[in-house]
Amino acid sequence: MKTEDYSKISIEHFARQMHVNVISESSDFIVSKNPNTLEEHSLDFDHPHIVEGIAIVFCTKGQARIKTNLSTYEVSENSLLIIAPNSIIQVLEQSIDLKIEFLFFMFDFISNIRLTPQLGYIVKLIEEKACLQLTENDFEELLIIHQLIVKQYKVNTVYREEVIKNLLYALIYKILQLYTIVSMSDGDHSKSRKENIHRKFITLLFEHYKTERSVQFYADKLFLTPKYFSKIIKEISGKPVLVWIDEIVVMSAKALLKSTEMTVAQISEELNFANPSFFGTFFKKHVGLTPIQYRRL
């Protein structure tokens with residue numbers, strides 16, 4: 001089945017339902033108020049769906065077997081499931097008492113989050129292991145932050161959105177902390193050489209994307225020929241090297257446009273474009289808007 005044949009799970013889907021257990025006050029962020037069942041939502045999870053945003057799902061009760069892209073996970077109480085944008089998800093089995101809490105948002109909602117060099121490595125870890133079985137204490141800590149976000153939505157006061165976004169940042173970094181601990185304990189023993197090459201490429205990409213965007217540069221860093229390097233990345237990830245590079249540049253450009261007062265010319269220079277015109281053409285090609293139009297949204 002082609003990707004475009006799948007149904008899509010989007011923010012708009014939840015907003016249209018006006019669900020009593022879901023808060024959807026903005027076009028790029030929703031959050032569950034109480035534990036939900038899958039049957040409460042008008043989606044047939046027995047079939048694959050594309051997730052258009054970023055989903056953080058907490059299993060508070062019951063069990064399920066869930067397939068994300070090509071990997072299958074056993075989800076149970078105290079499980080954390082992270083679903084990256086454009087992932088394909090399907091529920092293969094679920095118990096009748098399955099309950100979940102969730103947050104679902106677009107990157108634009110957190111576009112002023114500061115990127116760290118380690119984030120590329122964590123992104124790859126999430127691709128490899130979208131589900132973590134947490135201790136009761138770690139799971140409870142994440143749920144407390146989730147509940148604080150819900151609590152903020154229940155009051156209409158100044159700086160509410162700023163507080164919500166910063167709570168979401170805290171949740172994200174707490175999750176990254178847990179993934180870092182997992183990566184340190186797992187090591188590289190179970191990973192194939194090709195998977196390790198891909199992981200190292202993603203880490204290098206987050207360190208050098210502002211100045212280096214050639215296949216040759218990353219191939220040289222990994223002591224591979226460009227042809228072999230390109231073949232491995234496409235084989236492991238399904239995406240060519242240049243697509244990976246363009247995606248991180250676009251993400252960084254969005255963050256700079258939303259979170260700083262830098263001019264388009266300054267951002268163009270920051271991201272090492274030849275001139276603002278080239279940057280504007282690149283941005284519009286990938287986003288569908290000019291940098292100024294995107295900033296004014």
# chains A, B, ... in the order shown; residues from 1 in each chain; ligands from 1
$ residues_around --residues "Gln266 of chain A" --least-positions-apart "5" --cutoff "10 Å" --atoms "only C-alpha atoms" --output "list in words"
Leu256, Glu261, Leu271, Asn272, Asn275 and Pro276 of chain A
$ select_by_dssp --residues "segment 72-297 of chain A" --states "strand (DSSP E)" --output "compact mmCIF listing (two decimals) with all heavy atoms, in the first residue's frame"
# COMPACT_ATOMS: atom_id res chain seq x y z
N THR A 72 6.88 -3.70 15.93
CA THR A 72 5.72 -4.03 16.75
C THR A 72 6.11 -3.95 18.22
O THR A 72 7.16 -4.45 18.62
CB THR A 72 5.20 -5.45 16.42
OG1 THR A 72 4.85 -5.50 15.02
CG2 THR A 72 3.97 -5.77 17.25
N TYR A 73 5.24 -3.33 19.02
CA TYR A 73 5.53 -3.12 20.44
C TYR A 73 4.40 -3.65 21.30
O TYR A 73 3.22 -3.53 20.96
CB TYR A 73 5.72 -1.62 20.74
CG TYR A 73 6.85 -0.99 19.97
CD1 TYR A 73 6.62 -0.26 18.80
CD2 TYR A 73 8.17 -1.13 20.41
CE1 TYR A 73 7.66 0.31 18.09
CE2 TYR A 73 9.22 -0.55 19.71
CZ TYR A 73 8.96 0.17 18.55
OH TYR A 73 9.99 0.73 17.85
N GLU A 74 4.79 -4.22 22.43
CA GLU A 74 3.84 -4.64 23.44
C GLU A 74 3.68 -3.49 24.44
O GLU A 74 4.62 -3.12 25.12
CB GLU A 74 4.33 -5.89 24.16
CG GLU A 74 4.57 -7.08 23.25
CD GLU A 74 3.29 -7.63 22.63
OE1 GLU A 74 2.22 -7.45 23.25
OE2 GLU A 74 3.38 -8.24 21.54
N VAL A 75 2.49 -2.92 24.48
CA VAL A 75 2.21 -1.76 25.33
C VAL A 75 1.39 -2.22 26.53
O VAL A 75 0.43 -2.98 26.38
CB VAL A 75 1.45 -0.68 24.55
CG1 VAL A 75 1.04 0.47 25.45
CG2 VAL A 75 2.30 -0.18 23.38
N SER A 76 1.77 -1.76 27.71
CA SER A 76 1.03 -2.11 28.92
C SER A 76 1.09 -0.94 29.89
O SER A 76 1.64 0.13 29.57
CB SER A 76 1.60 -3.38 29.55
OG SER A 76 2.97 -3.20 29.88
N SER A 79 3.64 2.15 30.11
CA SER A 79 4.38 2.25 28.85
C SER A 79 4.27 3.67 28.29
O SER A 79 3.23 4.31 28.37
CB SER A 79 3.82 1.27 27.81
OG SER A 79 4.13 -0.05 28.13
N LEU A 80 5.37 4.12 27.70
CA LEU A 80 5.41 5.40 27.00
C LEU A 80 5.63 5.13 25.52
O LEU A 80 6.56 4.41 25.15
CB LEU A 80 6.56 6.26 27.54
CG LEU A 80 6.91 7.53 26.75
CD1 LEU A 80 5.79 8.57 26.89
CD2 LEU A 80 8.24 8.10 27.21
N LEU A 81 4.77 5.69 24.67
CA LEU A 81 4.89 5.50 23.23
C LEU A 81 5.09 6.86 22.57
O LEU A 81 4.31 7.79 22.80
CB LEU A 81 3.62 4.84 22.67
CG LEU A 81 3.59 4.53 21.17
CD1 LEU A 81 4.60 3.44 20.83
CD2 LEU A 81 2.18 4.10 20.75
N ILE A 82 6.15 7.00 21.79
CA ILE A 82 6.43 8.23 21.06
C ILE A 82 6.23 7.97 19.58
O ILE A 82 6.84 7.05 19.01
CB ILE A 82 7.88 8.71 21.28
CG1 ILE A 82 8.20 8.79 22.77
CG2 ILE A 82 8.09 10.06 20.60
CD1 ILE A 82 7.45 9.84 23.51
N ILE A 83 5.38 8.76 18.95
CA ILE A 83 5.10 8.58 17.52
C ILE A 83 5.58 9.82 16.78
O ILE A 83 5.10 10.92 17.02
CB ILE A 83 3.59 8.36 17.28
CG1 ILE A 83 3.11 7.17 18.13
CG2 ILE A 83 3.33 8.11 15.80
CD1 ILE A 83 1.61 6.99 18.12
N SER A 87 4.75 8.91 10.81
CA SER A 87 4.82 7.49 11.13
C SER A 87 3.49 6.82 10.78
O SER A 87 2.43 7.46 10.79
CB SER A 87 5.11 7.28 12.61
OG SER A 87 6.40 7.74 12.94
N ILE A 88 3.54 5.54 10.49
CA ILE A 88 2.34 4.77 10.22
C ILE A 88 2.06 3.88 11.41
O ILE A 88 2.92 3.12 11.85
CB ILE A 88 2.50 3.92 8.94
CG1 ILE A 88 2.74 4.83 7.74
CG2 ILE A 88 1.26 3.05 8.71
CD1 ILE A 88 3.12 4.09 6.47
N ILE A 89 0.86 3.99 11.97
CA ILE A 89 0.52 3.27 13.21
C ILE A 89 -0.71 2.40 13.00
O ILE A 89 -1.64 2.77 12.27
CB ILE A 89 0.31 4.25 14.38
CG1 ILE A 89 0.08 3.48 15.70
CG2 ILE A 89 -0.83 5.22 14.10
CD1 ILE A 89 0.11 4.35 16.91
N GLN A 90 -0.70 1.24 13.63
CA GLN A 90 -1.84 0.32 13.59
C GLN A 90 -1.91 -0.44 14.91
O GLN A 90 -0.89 -0.85 15.45
CB GLN A 90 -1.67 -0.67 12.43
CG GLN A 90 -2.84 -1.65 12.29
CD GLN A 90 -2.66 -2.60 11.12
OE1 GLN A 90 -1.62 -2.58 10.46
NE2 GLN A 90 -3.65 -3.42 10.86
N VAL A 91 -3.12 -0.57 15.44
CA VAL A 91 -3.33 -1.34 16.66
C VAL A 91 -3.68 -2.77 16.26
O VAL A 91 -4.74 -3.02 15.69
CB VAL A 91 -4.45 -0.73 17.52
CG1 VAL A 91 -4.67 -1.57 18.77
CG2 VAL A 91 -4.10 0.71 17.91
N LEU A 92 -2.79 -3.70 16.55
CA LEU A 92 -3.01 -5.09 16.17
C LEU A 92 -3.93 -5.81 17.15
O LEU A 92 -4.76 -6.62 16.75
CB LEU A 92 -1.66 -5.82 16.08
CG LEU A 92 -0.63 -5.19 15.12
CD1 LEU A 92 0.69 -5.94 15.19
CD2 LEU A 92 -1.17 -5.17 13.69
N GLU A 93 -3.76 -5.52 18.43
CA GLU A 93 -4.60 -6.12 19.47
C GLU A 93 -4.71 -5.12 20.62
O GLU A 93 -3.81 -4.30 20.84
CB GLU A 93 -3.99 -7.42 20.01
CG GLU A 93 -3.89 -8.55 19.02
CD GLU A 93 -3.21 -9.77 19.63
OE1 GLU A 93 -3.09 -9.83 20.88
OE2 GLU A 93 -2.78 -10.66 18.86
N GLN A 94 -5.82 -5.20 21.38
CA GLN A 94 -5.94 -4.39 22.58
C GLN A 94 -6.88 -5.08 23.57
O GLN A 94 -7.82 -5.77 23.18
CB GLN A 94 -6.46 -2.99 22.26
CG GLN A 94 -7.86 -2.96 21.68
CD GLN A 94 -8.45 -1.56 21.67
OE1 GLN A 94 -8.50 -0.90 22.69
NE2 GLN A 94 -8.87 -1.11 20.50
N LYS A 99 -6.57 1.96 28.51
CA LYS A 99 -6.78 3.39 28.73
C LYS A 99 -5.47 4.13 28.43
O LYS A 99 -4.38 3.67 28.80
CB LYS A 99 -7.18 3.67 30.18
CG LYS A 99 -8.55 3.13 30.56
CD LYS A 99 -9.65 4.10 30.17
CE LYS A 99 -10.99 3.67 30.75
NZ LYS A 99 -12.06 4.65 30.43
N ILE A 100 -5.59 5.29 27.78
CA ILE A 100 -4.40 6.08 27.45
C ILE A 100 -4.62 7.55 27.74
O ILE A 100 -5.75 8.04 27.73
CB ILE A 100 -4.00 5.92 25.96
CG1 ILE A 100 -5.13 6.43 25.04
CG2 ILE A 100 -3.61 4.50 25.63
CD1 ILE A 100 -4.73 6.59 23.59
N GLU A 101 -3.53 8.24 28.04
CA GLU A 101 -3.49 9.70 28.04
C GLU A 101 -2.55 10.09 26.90
O GLU A 101 -1.65 9.32 26.54
CB GLU A 101 -2.94 10.23 29.37
CG GLU A 101 -3.79 9.94 30.58
CD GLU A 101 -4.77 11.07 30.89
OE1 GLU A 101 -5.06 11.87 29.98
OE2 GLU A 101 -5.23 11.13 32.04
N PHE A 102 -2.73 11.29 26.33
CA PHE A 102 -1.85 11.65 25.22
C PHE A 102 -1.74 13.16 25.04
O PHE A 102 -2.59 13.93 25.50
CB PHE A 102 -2.34 11.02 23.92
CG PHE A 102 -3.69 11.52 23.45
CD1 PHE A 102 -3.79 12.64 22.65
CD2 PHE A 102 -4.85 10.86 23.83
CE1 PHE A 102 -5.03 13.10 22.23
CE2 PHE A 102 -6.09 11.30 23.41
CZ PHE A 102 -6.18 12.44 22.61
N LEU A 103 -0.65 13.55 24.39
CA LEU A 103 -0.47 14.89 23.85
C LEU A 103 -0.18 14.73 22.37
O LEU A 103 0.52 13.80 21.96
CB LEU A 103 0.69 15.63 24.52
CG LEU A 103 0.64 15.80 26.02
CD1 LEU A 103 1.58 14.81 26.67
CD2 LEU A 103 1.03 17.21 26.42
N PHE A 104 -0.69 15.65 21.57
CA PHE A 104 -0.52 15.55 20.12
C PHE A 104 -0.28 16.97 19.62
O PHE A 104 -1.10 17.87 19.86
CB PHE A 104 -1.78 14.95 19.51
CG PHE A 104 -1.69 14.65 18.03
CD1 PHE A 104 -0.48 14.39 17.41
CD2 PHE A 104 -2.84 14.62 17.25
CE1 PHE A 104 -0.41 14.11 16.07
CE2 PHE A 104 -2.78 14.33 15.89
CZ PHE A 104 -1.56 14.07 15.30
N PHE A 105 0.86 17.21 18.97
CA PHE A 105 1.17 18.57 18.56
C PHE A 105 2.00 18.57 17.28
O PHE A 105 2.62 17.58 16.90
CB PHE A 105 1.92 19.30 19.68
CG PHE A 105 3.15 18.60 20.18
CD1 PHE A 105 4.40 18.90 19.68
CD2 PHE A 105 3.05 17.64 21.17
CE1 PHE A 105 5.52 18.25 20.14
CE2 PHE A 105 4.17 16.98 21.65
CZ PHE A 105 5.42 17.28 21.13
N CYS A 131 8.75 2.72 21.87
CA CYS A 131 8.03 2.42 23.11
C CYS A 131 9.01 2.09 24.23
O CYS A 131 9.94 1.30 24.03
CB CYS A 131 7.07 1.26 22.90
SG CYS A 131 6.06 0.86 24.35
N LEU A 132 8.82 2.73 25.38
CA LEU A 132 9.62 2.44 26.56
C LEU A 132 8.71 1.95 27.68
O LEU A 132 7.65 2.52 27.92
CB LEU A 132 10.36 3.69 27.05
CG LEU A 132 11.49 4.27 26.20
CD1 LEU A 132 12.09 5.47 26.92
CD2 LEU A 132 12.55 3.23 25.90
N GLN A 133 9.14 0.90 28.38
CA GLN A 133 8.44 0.46 29.58
C GLN A 133 9.13 1.12 30.77
O GLN A 133 10.29 0.84 31.05
CB GLN A 133 8.48 -1.07 29.71
CG GLN A 133 7.63 -1.62 30.84
CD GLN A 133 6.15 -1.32 30.65
OE1 GLN A 133 5.63 -1.33 29.55
NE2 GLN A 133 5.46 -1.03 31.75
$ select_by_dssp --residues "segment 6-215 of chain A" --states "alpha helix (DSSP H)" --output "PyMOL selection string"
chain A and resi 11-17+119-128+136-153+160-186+193-208+215
$ residues_around --residues "Val250 of chain A" --least-positions-apart "2" --cutoff "8 Å" --atoms "only C-alpha atoms" --output "list in words"
Asp246, Glu247, Ile248, Ser252, Ala253, Lys254, Phe283, His286 and Val287 of chain A
$ write_last_selection --atoms "C-alpha atoms" --output "PDB file, in the first residue's frame"
ATOM      1  CA  ASP A 246      16.873  19.537   4.030  1.00  0.00           C
ATOM      2  CA  GLU A 247      14.542  18.494   6.868  1.00  0.00           C
ATOM      3  CA  ILE A 248      16.891  19.614   9.637  1.00  0.00           C
ATOM      4  CA  SER A 252      16.095  25.059  12.282  1.00  0.00           C
ATOM      5  CA  ALA A 253      14.874  27.871  10.030  1.00  0.00           C
ATOM      6  CA  LYS A 254      11.372  27.558  11.497  1.00  0.00           C
ATOM      7  CA  PHE A 283      12.187  27.791   2.467  1.00  0.00           C
ATOM      8  CA  HIS A 286       9.754  23.089   1.459  1.00  0.00           C
ATOM      9  CA  VAL A 287       7.186  24.963   3.554  1.00  0.00           C
TER      10      VAL A 287
END
$ residues_around --residues "Phe217 of chain A" --least-positions-apart "5" --cutoff "10 Å" --atoms "only C-alpha atoms" --output "number ranges by chain"
A: 208, 212, 222-223, 226
$ residues_around --residues "Gly238 of chain A" --least-positions-apart "4" --cutoff "12 Å" --atoms "only C-alpha atoms" --output "list in words"
Asn69, Leu70, Glu127, His198, Ser230, Lys231, Ile232, Ile233, Lys234, Leu242, Val243 and Trp244 of chain A
$ write_last_selection --atoms "C-alpha atoms" --output "PDB file, in the first residue's frame"
ATOM      1  CA  ASN A  69       6.185   1.694  10.838  1.00  0.00           C
ATOM      2  CA  LEU A  70       7.926  -1.694  10.678  1.00  0.00           C
ATOM      3  CA  GLU A 127      12.965   5.607  15.427  1.00  0.00           C
ATOM      4  CA  HIS A 198      22.933   5.779  10.135  1.00  0.00           C
ATOM      5  CA  SER A 230      23.999   7.127   0.259  1.00  0.00           C
ATOM      6  CA  LYS A 231      22.920   3.541  -0.342  1.00  0.00           C
ATOM      7  CA  ILE A 232      23.121   2.669   3.379  1.00  0.00           C
ATOM      8  CA  ILE A 233      21.157   5.735   4.540  1.00  0.00           C
ATOM      9  CA  LYS A 234      18.390   5.117   1.997  1.00  0.00           C
ATOM     10  CA  LEU A 242      19.789  15.119   1.005  1.00  0.00           C
ATOM     11  CA  VAL A 243      16.226  14.773   2.305  1.00  0.00           C
ATOM     12  CA  TRP A 244      17.567  14.331   5.846  1.00  0.00           C
TER      13      TRP A 244
END
